[in-house]
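As stored in run_25.pdb (PDB, C-alpha atoms and all ligand atoms):
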ATOM      1  CA  MET A   1      23.101 -21.165  44.559
ATOM      2  CA  PRO A   2      21.622 -19.949  41.215
ATOM      3  CA  LYS A   3      22.017 -16.291  40.355
ATOM      4  CA  PRO A   4      18.922 -14.101  40.747
ATOM      5  CA  PHE A   5      17.033 -13.664  37.475
ATOM      6  CA  ARG A   6      18.098 -10.027  37.174
ATOM      7  CA  HIS A   7      21.680 -11.170  36.532
ATOM      8  CA  TYR A   8      20.548 -12.617  33.227
ATOM      9  CA  LEU A   9      18.621  -9.539  32.123
ATOM     10  CA  PRO A  10      21.462  -7.793  30.258
ATOM     11  CA  ALA A  11      22.088 -10.912  28.172
ATOM     12  CA  LEU A  12      18.368 -11.373  27.518
ATOM     13  CA  THR A  13      18.029  -7.754  26.473
ATOM     14  CA  LEU A  14      20.682  -8.331  23.826
ATOM     15  CA  LEU A  15      18.578 -11.124  22.366
ATOM     16  CA  LEU A  16      15.400  -9.072  22.023
ATOM     17  CA  PRO A  17      14.871  -7.485  18.598
ATOM     18  CA  VAL A  18      15.263  -3.733  18.859
ATOM     19  CA  THR A  19      13.877  -1.495  16.161
ATOM     20  CA  CYS A  20      16.005   1.503  15.272
ATOM     21  CA  PHE A  21      14.817   4.434  13.256
ATOM     22  CA  PRO A  22      17.340   6.472  11.258
ATOM     23  CA  ALA A  23      18.496   9.508  13.247
ATOM     24  CA  ALA A  24      17.930  11.864  10.314
ATOM     25  CA  PRO A  25      14.595  11.710   8.492
ATOM     26  CA  ALA A  26      14.375  11.463   4.709
ATOM     27  CA  SER A  27      12.330  14.635   4.335
ATOM     28  CA  THR A  28      13.402  15.898   0.930
ATOM     29  CA  PRO A  29      13.041  13.955  -2.344
ATOM     30  CA  GLN A  30      16.861  13.668  -2.511
ATOM     31  CA  GLN A  31      17.149  12.231   1.012
ATOM     32  CA  TRP A  32      14.142  10.014   0.410
ATOM     33  CA  CYS A  33      15.477   8.506  -2.826
ATOM     34  CA  ALA A  34      18.878   7.906  -1.178
ATOM     35  CA  ALA A  35      17.245   6.119   1.785
ATOM     36  CA  ILE A  36      14.900   4.081  -0.427
ATOM     37  CA  GLY A  37      17.827   3.122  -2.667
ATOM     38  CA  GLU A  38      19.680   1.758   0.344
ATOM     39  CA  ARG A  39      16.696  -0.313   1.462
ATOM     40  CA  LEU A  40      15.359  -1.552  -1.904
ATOM     41  CA  GLY A  41      17.980  -3.094  -4.156
ATOM     42  CA  SER A  42      15.774  -2.743  -7.244
ATOM     43  CA  VAL A  43      15.275   1.026  -6.820
ATOM     44  CA  PRO A  44      18.621   2.816  -7.110
ATOM     45  CA  PRO A  45      18.468   6.551  -6.298
ATOM     46  CA  ALA A  46      18.921   7.558  -9.970
ATOM     47  CA  LEU A  47      15.826   5.543 -10.955
ATOM     48  CA  CYS A  48      13.877   6.913  -7.983
ATOM     49  CA  HIS A  49      14.662  10.494  -9.094
ATOM     50  CA  LYS A  50      13.734   9.706 -12.677
ATOM     51  CA  LEU A  51      10.245   8.676 -11.543
ATOM     52  CA  GLN A  52       9.535  12.278 -10.449
ATOM     53  CA  LEU A  53       7.697  11.600  -7.240
ATOM     54  CA  GLN A  54       6.629  14.621  -5.272
ATOM     55  CA  ALA A  55       6.389  15.143  -1.540
ATOM     56  CA  ALA A  56       2.999  15.526   0.127
ATOM     57  CA  PRO A  57       2.473  18.582   2.344
ATOM     58  CA  ILE A  58       2.447  16.355   5.425
ATOM     59  CA  GLN A  59       5.045  13.841   6.580
ATOM     60  CA  SER A  60       5.159  10.554   8.455
ATOM     61  CA  VAL A  61       5.462  10.339  12.248
ATOM     62  CA  ARG A  62       9.285  10.321  11.916
ATOM     63  CA  HIS A  63       9.187  13.193   9.417
ATOM     64  CA  ASN A  64       9.947  11.044   6.404
ATOM     65  CA  ALA A  65       8.427  12.376   3.199
ATOM     66  CA  LEU A  66       5.164  10.862   1.974
ATOM     67  CA  MET A  67       5.891  10.659  -1.739
ATOM     68  CA  PHE A  68       3.481  10.194  -4.621
ATOM     69  CA  ARG A  69       3.165  10.661  -8.357
ATOM     70  CA  ASP A  70       0.052  11.934 -10.063
ATOM     71  CA  LEU A  71      -0.190  10.902 -13.729
ATOM     72  CA  PRO A  72      -3.155  12.216 -15.700
ATOM     73  CA  PRO A  73      -3.628  10.627 -19.107
ATOM     74  CA  ALA A  74      -1.450  11.983 -21.867
ATOM     75  CA  PRO A  75      -3.302  14.511 -24.031
ATOM     76  CA  ARG A  76      -4.696  12.774 -27.077
ATOM     77  CA  LYS A  77      -6.393  13.882 -30.239
ATOM     78  CA  ILE A  78     -10.151  13.930 -29.894
ATOM     79  CA  ALA A  79     -11.481  11.735 -32.661
ATOM     80  CA  SER A  80     -14.716  13.550 -33.373
ATOM     81  CA  LEU A  81     -14.921  17.301 -32.992
ATOM     82  CA  GLY A  82     -17.553  18.420 -30.569
ATOM     83  CA  ALA A  83     -17.634  15.164 -28.594
ATOM     84  CA  PRO A  84     -17.054  15.863 -24.926
ATOM     85  CA  PRO A  85     -13.862  14.229 -23.662
ATOM     86  CA  LYS A  86     -14.567  11.135 -21.607
ATOM     87  CA  ARG A  87     -13.578  11.399 -17.978
ATOM     88  CA  PRO A  88     -10.606   9.098 -17.503
ATOM     89  CA  LEU A  89     -10.683   6.178 -15.117
ATOM     90  CA  ARG A  90      -8.897   7.022 -11.870
ATOM     91  CA  ILE A  91      -6.703   4.388 -10.221
ATOM     92  CA  LEU A  92      -4.980   4.730  -6.847
ATOM     93  CA  LEU A  93      -2.026   2.327  -6.604
ATOM     94  CA  VAL A  94      -0.524   1.861  -3.127
ATOM     95  CA  GLY A  95       2.512  -0.146  -1.996
ATOM     96  CA  GLY A  96       4.363  -0.505   1.264
ATOM     97  CA  ILE A  97       1.548   0.151   3.729
ATOM     98  CA  HIS A  98       3.223  -2.611   5.729
ATOM     99  CA  GLY A  99       6.854  -1.549   6.002
ATOM    100  CA  ASP A 100       8.380  -5.029   6.164
ATOM    101  CA  GLU A 101       6.766  -6.114   2.867
ATOM    102  CA  LEU A 102       9.593  -4.712   0.760
ATOM    103  CA  THR A 103       8.468  -6.278  -2.508
ATOM    104  CA  SER A 104       5.108  -4.494  -2.261
ATOM    105  CA  ALA A 105       6.964  -1.192  -2.629
ATOM    106  CA  SER A 106       9.511  -2.448  -5.178
ATOM    107  CA  ILE A 107       6.862  -3.733  -7.592
ATOM    108  CA  VAL A 108       4.952  -0.441  -7.452
ATOM    109  CA  PHE A 109       8.175   1.360  -8.436
ATOM    110  CA  ARG A 110       8.431  -1.149 -11.324
ATOM    111  CA  TRP A 111       4.846  -0.588 -12.486
ATOM    112  CA  LEU A 112       5.317   3.164 -12.192
ATOM    113  CA  GLN A 113       7.808   2.774 -15.055
ATOM    114  CA  TRP A 114       5.058   1.196 -17.181
ATOM    115  CA  VAL A 115       2.043   3.448 -16.518
ATOM    116  CA  ASP A 116       2.647   5.693 -19.520
ATOM    117  CA  GLU A 117       2.516   2.789 -21.981
ATOM    118  CA  ALA A 118      -0.407   2.899 -24.426
ATOM    119  CA  GLU A 119      -3.149   1.149 -22.470
ATOM    120  CA  PRO A 120      -2.482   2.296 -18.889
ATOM    121  CA  GLY A 121      -1.617   5.739 -20.317
ATOM    122  CA  GLN A 122      -5.344   6.291 -20.941
ATOM    123  CA  TYR A 123      -6.044   6.264 -17.214
ATOM    124  CA  HIS A 124      -5.403   8.781 -14.482
ATOM    125  CA  TRP A 125      -3.029   7.204 -11.942
ATOM    126  CA  ARG A 126      -2.069   8.290  -8.481
ATOM    127  CA  VAL A 127       0.817   6.150  -7.316
ATOM    128  CA  ILE A 128       2.104   5.871  -3.728
ATOM    129  CA  PRO A 129       4.934   3.326  -3.695
ATOM    130  CA  VAL A 130       5.731   3.604   0.033
ATOM    131  CA  ALA A 131       2.701   4.388   2.196
ATOM    132  CA  ASN A 132       4.585   3.615   5.409
ATOM    133  CA  PRO A 133       8.122   5.022   5.018
ATOM    134  CA  ASP A 134       8.866   4.848   8.766
ATOM    135  CA  GLY A 135       8.250   1.095   8.792
ATOM    136  CA  LEU A 136      10.193   0.482   5.568
ATOM    137  CA  LEU A 137      13.215   2.534   6.648
ATOM    138  CA  ALA A 138      13.371   1.140  10.201
ATOM    139  CA  SER A 139      16.093  -1.386  11.056
ATOM    140  CA  PRO A 140      14.856  -4.023  10.812
ATOM    141  CA  ALA A 141      11.966  -2.960   8.593
ATOM    142  CA  GLN A 142       8.680  -3.286  10.473
ATOM    143  CA  ARG A 143       5.047  -3.780   9.572
ATOM    144  CA  MET A 144       3.767  -0.898  11.685
ATOM    145  CA  ASN A 145       4.466   2.836  11.543
ATOM    146  CA  ALA A 146       6.748   4.525  14.091
ATOM    147  CA  ASN A 147       3.899   4.675  16.636
ATOM    148  CA  GLY A 148       3.539   0.898  16.428
ATOM    149  CA  VAL A 149       0.219   1.092  14.553
ATOM    150  CA  ASP A 150      -0.818  -1.257  11.752
ATOM    151  CA  LEU A 151      -1.952   1.381   9.233
ATOM    152  CA  ASN A 152      -4.056  -1.238   7.443
ATOM    153  CA  ARG A 153      -6.228  -1.504  10.573
ATOM    154  CA  ASN A 154      -6.465   2.257  11.174
ATOM    155  CA  PHE A 155      -8.994   3.293   8.489
ATOM    156  CA  PRO A 156     -12.344   4.644   9.719
ATOM    157  CA  THR A 157     -14.582   1.686   8.888
ATOM    158  CA  PRO A 158     -18.048   1.960  10.439
ATOM    159  CA  ASP A 159     -17.254  -1.021  12.677
ATOM    160  CA  TRP A 160     -13.962   0.435  13.962
ATOM    161  CA  HIS A 161     -15.132   1.635  17.384
ATOM    162  CA  SER A 162     -17.221  -1.446  18.068
ATOM    163  CA  ASN A 163     -14.832  -4.048  16.664
ATOM    164  CA  ALA A 164     -11.224  -2.982  16.033
ATOM    165  CA  HIS A 165      -9.944  -3.427  19.586
ATOM    166  CA  ASN A 166     -12.133  -6.458  20.292
ATOM    167  CA  TYR A 167     -10.845  -8.091  17.132
ATOM    168  CA  TRP A 168      -7.252  -7.258  18.023
ATOM    169  CA  ALA A 169      -7.637  -8.709  21.533
ATOM    170  CA  SER A 170      -9.641 -11.831  20.698
ATOM    171  CA  LYS A 171      -8.433 -12.822  17.211
ATOM    172  CA  THR A 172      -4.783 -11.721  17.333
ATOM    173  CA  GLN A 173      -4.126 -12.070  21.087
ATOM    174  CA  ARG A 174      -3.029  -8.428  21.105
ATOM    175  CA  ASP A 175      -0.356  -9.039  18.489
ATOM    176  CA  PRO A 176       1.656  -5.776  18.531
ATOM    177  CA  ARG A 177       2.139  -6.103  14.775
ATOM    178  CA  ARG A 178      -1.606  -5.740  14.304
ATOM    179  CA  PHE A 179      -2.423  -2.942  16.750
ATOM    180  CA  PRO A 180      -5.163  -0.835  15.109
ATOM    181  CA  GLY A 181      -4.242   2.385  16.948
ATOM    182  CA  LYS A 182      -5.848   4.302  19.766
ATOM    183  CA  ASP A 183      -8.527   5.577  17.441
ATOM    184  CA  ALA A 184      -9.511   5.306  13.793
ATOM    185  CA  MET A 185      -7.271   7.604  11.717
ATOM    186  CA  SER A 186      -5.059   8.299  14.730
ATOM    187  CA  GLU A 187      -2.028   8.166  12.384
ATOM    188  CA  GLN A 188      -1.057  10.904   9.988
ATOM    189  CA  GLU A 189      -0.095   8.356   7.291
ATOM    190  CA  THR A 190      -3.650   6.964   7.424
ATOM    191  CA  ARG A 191      -5.141  10.452   7.380
ATOM    192  CA  TRP A 192      -3.078  11.306   4.310
ATOM    193  CA  LEU A 193      -4.155   8.139   2.482
ATOM    194  CA  HIS A 194      -7.745   8.876   3.466
ATOM    195  CA  ASP A 195      -7.367  12.407   2.039
ATOM    196  CA  GLN A 196      -6.104  10.883  -1.228
ATOM    197  CA  ILE A 197      -9.252   8.767  -1.466
ATOM    198  CA  GLU A 198     -11.475  11.765  -0.686
ATOM    199  CA  SER A 199      -9.808  14.169  -3.119
ATOM    200  CA  PHE A 200      -8.776  11.853  -5.964
ATOM    201  CA  LYS A 201     -12.011   9.811  -5.817
ATOM    202  CA  PRO A 202     -10.495   6.689  -7.376
ATOM    203  CA  ASN A 203     -12.655   4.295  -9.404
ATOM    204  CA  LEU A 204     -10.263   1.545  -8.321
ATOM    205  CA  ILE A 205      -7.799   1.116  -5.464
ATOM    206  CA  VAL A 206      -4.962  -1.378  -5.879
ATOM    207  CA  SER A 207      -3.109  -2.164  -2.649
ATOM    208  CA  VAL A 208      -0.009  -4.356  -2.786
ATOM    209  CA  HIS A 209       1.139  -6.607   0.062
ATOM    210  CA  ALA A 210       3.142  -9.793   0.669
ATOM    211  CA  PRO A 211       3.699 -12.723   1.379
ATOM    212  CA  PHE A 212       0.470 -14.731   0.953
ATOM    213  CA  GLY A 213       0.722 -15.172  -2.819
ATOM    214  CA  ILE A 214      -2.959 -14.544  -3.572
ATOM    215  CA  LEU A 215      -5.452 -11.925  -4.774
ATOM    216  CA  ASP A 216      -8.179 -10.474  -2.594
ATOM    217  CA  PHE A 217     -11.029  -8.237  -3.627
ATOM    218  CA  ASP A 218     -13.581  -6.026  -1.904
ATOM    219  CA  GLY A 219     -16.387  -3.880  -3.239
ATOM    220  CA  PRO A 220     -18.471  -3.733  -6.400
ATOM    221  CA  ALA A 221     -17.472  -5.153  -9.827
ATOM    222  CA  ARG A 222     -16.737  -8.707 -10.909
ATOM    223  CA  GLN A 223     -14.034 -10.314  -8.839
ATOM    224  CA  PRO A 224     -10.705 -10.893 -10.570
ATOM    225  CA  ARG A 225      -9.886 -14.600 -10.840
ATOM    226  CA  ARG A 226      -6.193 -14.642 -11.536
ATOM    227  CA  PHE A 227      -3.327 -12.169 -12.102
ATOM    228  CA  GLY A 228      -0.158 -13.988 -13.150
ATOM    229  CA  SER A 229       0.208 -16.934 -10.784
ATOM    230  CA  LEU A 230      -1.924 -15.249  -8.087
ATOM    231  CA  SER A 231      -5.472 -16.582  -7.674
ATOM    232  CA  LEU A 232      -8.422 -15.096  -5.845
ATOM    233  CA  ASN A 233      -8.577 -16.273  -2.253
ATOM    234  CA  ARG A 234     -10.643 -14.074   0.020
ATOM    235  CA  LEU A 235      -8.734 -13.341   3.215
ATOM    236  CA  GLY A 236     -11.699 -11.934   5.115
ATOM    237  CA  ILE A 237     -12.754  -8.524   6.298
ATOM    238  CA  TYR A 238     -10.819  -6.741   9.037
ATOM    239  CA  PRO A 239     -11.995  -3.716  11.011
ATOM    240  CA  GLY A 240      -9.984  -0.711   9.862
ATOM    241  CA  SER A 241      -8.466  -2.258   6.727
ATOM    242  CA  LEU A 242      -8.221  -0.372   3.439
ATOM    243  CA  GLY A 243     -10.141  -3.152   1.662
ATOM    244  CA  ASN A 244     -12.957  -2.909   4.177
ATOM    245  CA  TYR A 245     -12.994   0.898   4.115
ATOM    246  CA  GLY A 246     -12.715   1.371   0.352
ATOM    247  CA  GLY A 247     -14.621  -1.693  -0.819
ATOM    248  CA  GLU A 248     -17.420  -2.009   1.697
ATOM    249  CA  HIS A 249     -17.838   1.541   2.956
ATOM    250  CA  LYS A 250     -16.872   3.777   0.014
ATOM    251  CA  ASN A 251     -18.206   1.342  -2.583
ATOM    252  CA  THR A 252     -14.951   1.514  -4.545
ATOM    253  CA  PRO A 253     -13.434  -1.723  -5.872
ATOM    254  CA  VAL A 254     -10.261  -2.594  -3.952
ATOM    255  CA  ILE A 255      -7.873  -5.169  -5.370
ATOM    256  CA  THR A 256      -5.388  -6.490  -2.827
ATOM    257  CA  ILE A 257      -2.370  -8.117  -4.432
ATOM    258  CA  GLU A 258      -0.399 -10.358  -2.070
ATOM    259  CA  LEU A 259       2.975 -11.185  -3.608
ATOM    260  CA  PRO A 260       4.463 -14.553  -2.631
ATOM    261  CA  HIS A 261       7.566 -13.204  -0.847
ATOM    262  CA  ALA A 262       8.129 -10.087   1.262
ATOM    263  CA  THR A 263      11.822  -9.683   0.435
ATOM    264  CA  SER A 264      12.321 -11.481  -2.886
ATOM    265  CA  MET A 265      10.729 -10.031  -6.021
ATOM    266  CA  PRO A 266       8.842 -12.253  -8.482
ATOM    267  CA  PRO A 267      10.730 -12.774 -11.776
ATOM    268  CA  LEU A 268      10.358  -9.882 -14.211
ATOM    269  CA  ARG A 269       8.120 -12.005 -16.474
ATOM    270  CA  GLU A 270       5.734 -12.564 -13.546
ATOM    271  CA  GLN A 271       5.784  -8.859 -12.601
ATOM    272  CA  ARG A 272       4.685  -8.131 -16.173
ATOM    273  CA  LYS A 273       2.039 -10.867 -16.209
ATOM    274  CA  ILE A 274       0.411  -9.615 -13.001
ATOM    275  CA  TRP A 275       0.398  -6.084 -14.464
ATOM    276  CA  ASP A 276      -0.983  -7.184 -17.858
ATOM    277  CA  ASP A 277      -3.697  -9.335 -16.278
ATOM    278  CA  MET A 278      -4.683  -6.441 -14.022
ATOM    279  CA  LEU A 279      -4.951  -4.098 -17.037
ATOM    280  CA  SER A 280      -7.041  -6.691 -18.820
ATOM    281  CA  TRP A 281      -9.402  -6.929 -15.797
ATOM    282  CA  ILE A 282      -9.636  -3.109 -15.683
ATOM    283  CA  ARG A 283     -10.423  -2.969 -19.417
ATOM    284  CA  GLN A 284     -13.131  -5.610 -19.135
ATOM    285  CA  ASN A 285     -14.728  -4.477 -15.893
ATOM    286  CA  LEU A 286     -14.196  -0.755 -15.395
ATOM    287  CA  ALA A 287     -12.863   1.084 -18.426
ATOM    288  CA  ASN A 288     -16.065   1.066 -20.469
ATOM    289  CA  LYS A 289     -18.477   1.671 -17.630
ATOM    290  CA  ASN A 290     -20.121   4.997 -16.937
ATOM    291  CA  LEU A 291     -17.964   6.587 -14.297
ATOM    292  CA  SER A 292     -18.779   9.324 -11.863
TER     293      SER A 292
HETATM  294 ZN    ZN B 301       0.542  -6.484   4.300
END
Would you give me this structure, written as structure tokens?
Amino acid sequence: MPKPFRHYLPALTLLLPVTCFPAAPASTPQQWCAAIGERLGSVPPALCHKLQLQAAPIQSVRHNALMFRDLPPAPRKIASLGAPPKRPLRILLVGGIHGDELTSASIVFRWLQWVDEAEPGQYHWRVIPVANPDGLLASPAQRMNANGVDLNRNFPTPDWHSNAHNYWASKTQRDPRRFPGKDAMSEQETRWLHDQIESFKPNLIVSVHAPFGILDFDGPARQPRRFGSLSLNRLGIYPGSLGNYGGEHKNTPVITIELPHATSMPPLREQRKIWDDMLSWIRQNLANKNLS
């Protein structure tokens, strides 16, 4: 006679993926850099410290620090006396909103090492390499935050209440990796990112993901065609996504960079080419426009 099903449950339970969160949060910059260094091979703690990120006043659900770096343009000589200084272009650069897309955080740490070079040094940058530290530091790393919410579906787009849950149920079959949350901005990580947009008022938002190997674009301005080997390929508009919120609702251009692999970085030459092509697009499409 076969055993009742419950006899197999312990063995089945062992097969199910279980997400573990570190017992101690990475709340201070020292703890945070140590934890990030363990997770991202390309960001050893010494480099992380050198990049001088600072902790936001609020933390993630699991009390990990939300770290950022604010880089105003370096003071420069004003060419003609009496001319009012031009307001610098403001760029918000975000990685790691999906915690299992490790390269999206690693490449933002890389670019953070290049933002004070001559051309990008003219702009005002706010850089958030790891928008979802709970997801990145979980074992295994997970897309969602510690409440199981896809932060990139949690922004307060005008269609959120009418569409976010319908979309999740009908288009994703209630995929837990794409749960938009109980309400728009239910998550403190989303609220913090939203506050950054409200206070910093970026002229451009760059959000890095993986692994689709394409570019996406929302909002005003001419669409970018190609950064490095990544070509424009519109993914569509999702209720609650940052592209939808920033590009369609706040009328701010949002470039979404989808790297080709979530755990394997592009070669250094390609990291540089994507960066250089992005700077070239910014120069041609935003830098000489009248900004507010
Ligand atoms: Zn993503």
Chain A near ligand ZN 301 (chain B) within 9 Å: what's each residue's closest atom pair and its distance in Å to one decimal, counting only C-alpha atoms and all ligand atoms, ordered by chain then ascending residue number, as CSV?
residue,atom,partner,partner_atom,distance
A:Gly96,CA,B:ZN301,ZN,7.7
A:Ile97,CA,B:ZN301,ZN,6.7
A:His98,CA,B:ZN301,ZN,4.9
A:Gly99,CA,B:ZN301,ZN,8.2
A:Asp100,CA,B:ZN301,ZN,8.2
A:Glu101,CA,B:ZN301,ZN,6.4
A:Ser104,CA,B:ZN301,ZN,8.2
A:Arg143,CA,B:ZN301,ZN,7.4
A:Asn152,CA,B:ZN301,ZN,7.7
A:Ser207,CA,B:ZN301,ZN,9.0
A:Val208,CA,B:ZN301,ZN,7.4
A:His209,CA,B:ZN301,ZN,4.3
A:Ala210,CA,B:ZN301,ZN,5.6
A:Pro211,CA,B:ZN301,ZN,7.6
A:Phe212,CA,B:ZN301,ZN,8.9
A:Glu258,CA,B:ZN301,ZN,7.5
A:Ala262,CA,B:ZN301,ZN,8.9
| query | Nearest to Asn233 in chain A among A:Val43, A:Leu215, A:Ala74, A:Val149, with distances taken over all atoms listed in the file: which residue is it? | reply |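 The shortest atom-to-atom distance to Asn233 in chain A comes from A:Leu215.
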Please evaluate the PyMOL selection byres (((chain A and resi 70-73) around 12) and not hetatm) against the structure above and give the resulting residues as a VMD selection string. chain A and resid 51 to 56 67 to 69 74 to 77 85 to 93 112 to 129 196 200
> What is the CA of Pro180 in chain A-CA of Gln223 in chain A distance in Å, reported with one decimal?
Replying inline: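 For CA of Pro180 in chain A relative to CA of Gln223 in chain A, the distance reads 27.2 Å.
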One decimal place gives the CA of Lys289 in chain A-CA of Asn251 in chain A separation as 15.1 Å
**Request:** Around the point (3.2, 11.1, 9.2) in the file's coordinates, collect all residues with an atom within 9 Å, using all atoms listed in the file, and return them as JSON, numbers by chain.
**Result:** {"A": [58, 59, 60, 61, 62, 63, 64, 65, 66, 132, 133, 134, 145, 146, 187, 188, 189, 190, 191, 192]}
Residues at most 8 Å from Phe179 in chain A, counting all atoms listed in the file, excluding those fewer than 5 positions away in the same chain, as a list of chain:residue names?
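Once the adjacent positions are removed, what remains is A:Gly148, A:Val149, A:Asp150, A:Arg153, A:Trp168, A:Arg174.
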Requested write-out: C-alpha atoms of the selected residues, as a compact mmCIF listing (two decimals), in the frame of the given file:
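So the final result, stored in part-v5.txt, reads:
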# COMPACT_ATOMS: atom_id res chain seq x y z
CA GLY A 148 3.54 0.90 16.43
CA VAL A 149 0.22 1.09 14.55
CA ASP A 150 -0.82 -1.26 11.75
CA ARG A 153 -6.23 -1.50 10.57
CA TRP A 168 -7.25 -7.26 18.02
CA ARG A 174 -3.03 -8.43 21.10
Using the chain letters and numbers from the file, give me the residues hit by the PyMOL selection byres (((chain A and resi 247) around 12) and not hetatm), as a PDB file with C-alpha atoms, keeping the file's coordinate frame.
ATOM      1  CA  PHE A 155      -8.994   3.293   8.489  1.00  0.00           C
ATOM      2  CA  THR A 157     -14.582   1.686   8.888  1.00  0.00           C
ATOM      3  CA  ILE A 197      -9.252   8.767  -1.466  1.00  0.00           C
ATOM      4  CA  PRO A 202     -10.495   6.689  -7.376  1.00  0.00           C
ATOM      5  CA  ASN A 203     -12.655   4.295  -9.404  1.00  0.00           C
ATOM      6  CA  LEU A 204     -10.263   1.545  -8.321  1.00  0.00           C
ATOM      7  CA  ILE A 205      -7.799   1.116  -5.464  1.00  0.00           C
ATOM      8  CA  VAL A 206      -4.962  -1.378  -5.879  1.00  0.00           C
ATOM      9  CA  SER A 207      -3.109  -2.164  -2.649  1.00  0.00           C
ATOM     10  CA  ASP A 216      -8.179 -10.474  -2.594  1.00  0.00           C
ATOM     11  CA  PHE A 217     -11.029  -8.237  -3.627  1.00  0.00           C
ATOM     12  CA  ASP A 218     -13.581  -6.026  -1.904  1.00  0.00           C
ATOM     13  CA  GLY A 219     -16.387  -3.880  -3.239  1.00  0.00           C
ATOM     14  CA  PRO A 220     -18.471  -3.733  -6.400  1.00  0.00           C
ATOM     15  CA  ALA A 221     -17.472  -5.153  -9.827  1.00  0.00           C
ATOM     16  CA  GLN A 223     -14.034 -10.314  -8.839  1.00  0.00           C
ATOM     17  CA  ILE A 237     -12.754  -8.524   6.298  1.00  0.00           C
ATOM     18  CA  TYR A 238     -10.819  -6.741   9.037  1.00  0.00           C
ATOM     19  CA  GLY A 240      -9.984  -0.711   9.862  1.00  0.00           C
ATOM     20  CA  SER A 241      -8.466  -2.258   6.727  1.00  0.00           C
ATOM     21  CA  LEU A 242      -8.221  -0.372   3.439  1.00  0.00           C
ATOM     22  CA  GLY A 243     -10.141  -3.152   1.662  1.00  0.00           C
ATOM     23  CA  ASN A 244     -12.957  -2.909   4.177  1.00  0.00           C
ATOM     24  CA  TYR A 245     -12.994   0.898   4.115  1.00  0.00           C
ATOM     25  CA  GLY A 246     -12.715   1.371   0.352  1.00  0.00           C
ATOM     26  CA  GLU A 248     -17.420  -2.009   1.697  1.00  0.00           C
ATOM     27  CA  HIS A 249     -17.838   1.541   2.956  1.00  0.00           C
ATOM     28  CA  LYS A 250     -16.872   3.777   0.014  1.00  0.00           C
ATOM     29  CA  ASN A 251     -18.206   1.342  -2.583  1.00  0.00           C
ATOM     30  CA  THR A 252     -14.951   1.514  -4.545  1.00  0.00           C
ATOM     31  CA  PRO A 253     -13.434  -1.723  -5.872  1.00  0.00           C
ATOM     32  CA  VAL A 254     -10.261  -2.594  -3.952  1.00  0.00           C
ATOM     33  CA  ILE A 255      -7.873  -5.169  -5.370  1.00  0.00           C
ATOM     34  CA  THR A 256      -5.388  -6.490  -2.827  1.00  0.00           C
TER      35      THR A 256
END
Handout entry: Expected selection from the PyMOL selection byres (((chain A and resi 275) around 10) and not hetatm), given as a PyMOL selection string
Key = chain A and resi 107+110-111+114-115+120+227-228+269-274+276-281
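Atom pair CA of Ile282 in chain A / CA of Gly95 in chain A has a distance of 18.5 Å (rounded to one decimal).
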Legend entry - For His165 in chain A: contacts at 12 Å, all atoms listed in the file, fewer than 3 positions along chain excluded, given as a ChimeraX atom specification: /A:153-154,159-162,168-176,178-184,238-240
